[in-house]
Amino acid sequence: MDQFAEMLVFLAVVEEGSFSAAGRRRGLSPSAVSKLIARLEARLHVRLFERIAGTIRLTQEGERFRAASERVAQAMVDAEDSVNGAVGDIAGIVRIHTALTTAKYLIAPRLPQLLDRHPRLQLEFVLGTERADFIRQGLDVAVHSGRPSELSLIGRPLMFRPWVIAAAPSYLARFGAPQHPDDLRAHRCLNFTIRTQWNSWTFHDADGISTVDIPSYIGANQGELLRTLALQGLGVVRLAHFNIAADLAAGRLVPLLQGFHQRSEDDRFYLLYPSGRSLAPRVRAVVDFLGEQLAEPATP
């Protein structure tokens with residue numbers, strides 16, 4: 001078996017999460033897959049997988065090899081696509097999972113360009129803040145924050161999502177503005193009812209990084225409702241900048257504690273999709289478009 005074929009077996013193990021499932025997919029026995037991975041690890045002089053209690057998990061070296069292998073496999077797909085299909089042939093339904101605010105403020109404004117490029121595409125959005133279940137929900141693509149842990153998915157890093165803490169002028173006139181993160185404990189705060197990391201607000205100052213567990217005056221599982229509540233003067237909110245940028249510019253919301261913000265890798269968006277080398281052209285078109293449009297801006 002040549003090195004490219006070995007790499008495809010390795011990717012099958014990553015995507016399926018087991019040697020036996022990868023073997024069924026590639027027409028090999030589990031023992032043959034195990035021996036192949038052992039030979040690959042011996043040749044590379046690293047361990048690619050950790051074997052723990054009957055499960056497997058990529059090592060740091062395995063993660064790097066996975067990323068490089070996906071690029072090689074995708075290059076092969078791109079080479080074949082360059083001679084096997086025209087833009088006009090891209091058609092069909094693509095199901096996208098993401099949060100309402102991400103779809104409304106980041107994706108929807110960019111869709112005319114995508115659909116002008118591929119007019120026969122059809123898009124279906126499945127909205128929610130919880131992690132997507134690709135198989136159960138019949139999904140093709142997802143956009144979520146935080147690096148995915150699923151071995152069966154590729155996580156392509158996108159832009160960061162800056163958070164802004166803000167309140168309406170009417171709230172500040174009544175209760176005053178917090179001057180330090182600890183002051184938030186005495187304020188009426190509007191917070192998410194899902195995802196623990198969104199409920200704990202992280203800050204940094206001269207003493208380092210700190211996390212404040214925010215008491216929720218009113219909670220919701222959608223940022224768009226929290227925005228509406230904040231505009232009504234009901235409390236202090238922490239939302240993505242893109243969610244409230246127009247409100248900040250118009251003075252409907254006032255930014256707070258700007259000197260204490262801390263950016264975390266958990267705040268980065270990821271584009272999630274199954275193995276790149278098996279993507280249908282309709283899905284590849286959406287993945288490539290979103291990857292281009294939502295990429296982290298280059299540092300000047």
# chains A, B, ... in the order shown; residues from 1 in each chain; ligands from 1
>>> select_by_dssp(residues="stretch 179-244 of chain A", states="strand (DSSP E or B)", output="PyMOL selection string")
chain A and resi 189-192+200-205+208-213+218-220+236-240
>>> closest_atom_pairs(of="stretch 44-141 of chain A", to="stretch 30-34 of chain A", cutoff="12 Å", atoms="only C-alpha atoms", output="tab-separated table")
residue	atom	partner	partner_atom	distance
A:Leu48	CA	A:Ser34	CA	11.8
A:Phe49	CA	A:Ser34	CA	10.9
A:Arg51	CA	A:Ser34	CA	11.4
A:Ile56	CA	A:Ser34	CA	11.6
>>> write_last_selection(atoms="C-alpha atoms", output="PDB file, in the first residue's frame")
ATOM      1  CA  LEU A  48      -0.690   9.277  16.264  1.00  0.00           C
ATOM      2  CA  PHE A  49      -3.383   7.859  18.564  1.00  0.00           C
ATOM      3  CA  ARG A  51      -5.551   4.052  23.096  1.00  0.00           C
ATOM      4  CA  ILE A  56      -8.855   6.121  20.521  1.00  0.00           C
TER       5      ILE A  56
END
>>> residues_around(residues="A:Glu15", least_positions_apart="2", cutoff="8 Å", atoms="only C-alpha atoms", output="short mmCIF file (atom, residue, chain, number, x, y, z; two decimals) with N, CA and C atoms, in the first residue's frame")
data_model
loop_
_atom_site.label_atom_id
_atom_site.label_comp_id
_atom_site.auth_asym_id
_atom_site.auth_seq_id
_atom_site.Cartn_x
_atom_site.Cartn_y
_atom_site.Cartn_z
N LEU A 11 -7.03 8.77 7.83
CA LEU A 11 -8.14 9.71 7.90
C LEU A 11 -9.46 9.00 8.16
N ALA A 12 -9.62 7.79 7.62
CA ALA A 12 -10.83 7.02 7.88
C ALA A 12 -10.94 6.68 9.36
N VAL A 13 -9.82 6.34 9.99
CA VAL A 13 -9.82 6.05 11.43
C VAL A 13 -10.22 7.30 12.20
N GLY A 17 -13.63 7.03 14.09
CA GLY A 17 -13.41 6.90 15.53
C GLY A 17 -13.06 5.51 15.99
N ALA A 22 -13.33 2.02 10.41
CA ALA A 22 -12.47 2.45 9.31
C ALA A 22 -12.19 1.29 8.37
N LEU A 151 -14.16 13.47 16.32
CA LEU A 151 -13.16 12.98 15.38
C LEU A 151 -13.70 12.92 13.96
N SER A 152 -15.02 12.82 13.81
CA SER A 152 -15.60 12.67 12.47
C SER A 152 -15.75 13.98 11.73
N LEU A 153 -15.46 15.09 12.40
CA LEU A 153 -15.64 16.41 11.78
C LEU A 153 -14.31 17.12 11.60
N PRO A 274 -17.98 17.26 7.42
CA PRO A 274 -17.36 15.94 7.36
C PRO A 274 -16.10 15.97 6.50
N SER A 275 -15.47 14.84 6.38
CA SER A 275 -14.23 14.70 5.63
C SER A 275 -14.26 15.47 4.32
#
>>> residues_around(residues="A:Phe10", least_positions_apart="6", cutoff="9 Å", atoms="only C-alpha atoms", output="PDB file with N, CA and C atoms, in the first residue's frame")
ATOM      1  N   ALA A  22     -13.331   2.016  10.413  1.00  0.00           N
ATOM      2  CA  ALA A  22     -12.473   2.451   9.309  1.00  0.00           C
ATOM      3  C   ALA A  22     -12.187   1.292   8.368  1.00  0.00           C
ATOM      4  N   VAL A  33      -5.981  -2.732   9.657  1.00  0.00           N
ATOM      5  CA  VAL A  33      -5.935  -1.288   9.927  1.00  0.00           C
ATOM      6  C   VAL A  33      -4.988  -1.008  11.083  1.00  0.00           C
ATOM      7  N   LEU A  36      -1.471  -1.314   9.927  1.00  0.00           N
ATOM      8  CA  LEU A  36      -1.111  -0.205   9.052  1.00  0.00           C
ATOM      9  C   LEU A  36      -0.801   1.052   9.869  1.00  0.00           C
ATOM     10  N   ILE A  37      -1.635   1.347  10.865  1.00  0.00           N
ATOM     11  CA  ILE A  37      -1.396   2.523  11.704  1.00  0.00           C
ATOM     12  C   ILE A  37      -0.089   2.356  12.476  1.00  0.00           C
ATOM     13  N   LEU A  40       2.693   3.096  10.163  1.00  0.00           N
ATOM     14  CA  LEU A  40       2.738   4.529   9.905  1.00  0.00           C
ATOM     15  C   LEU A  40       3.388   5.260  11.076  1.00  0.00           C
ATOM     16  N   ARG A  66      -3.134  14.916  10.982  1.00  0.00           N
ATOM     17  CA  ARG A  66      -4.489  14.963  10.437  1.00  0.00           C
ATOM     18  C   ARG A  66      -4.689  16.210   9.577  1.00  0.00           C
ATOM     19  N   SER A  69      -2.735  15.878   6.398  1.00  0.00           N
ATOM     20  CA  SER A  69      -3.310  14.839   5.534  1.00  0.00           C
ATOM     21  C   SER A  69      -4.583  15.333   4.854  1.00  0.00           C
TER      22      SER A  69
END
>>> closest_residue(among="A:Leu253, A:Cys189, A:Leu44, A:Ile165", to="A:Gln3", atoms="only C-alpha atoms")
A:Leu44
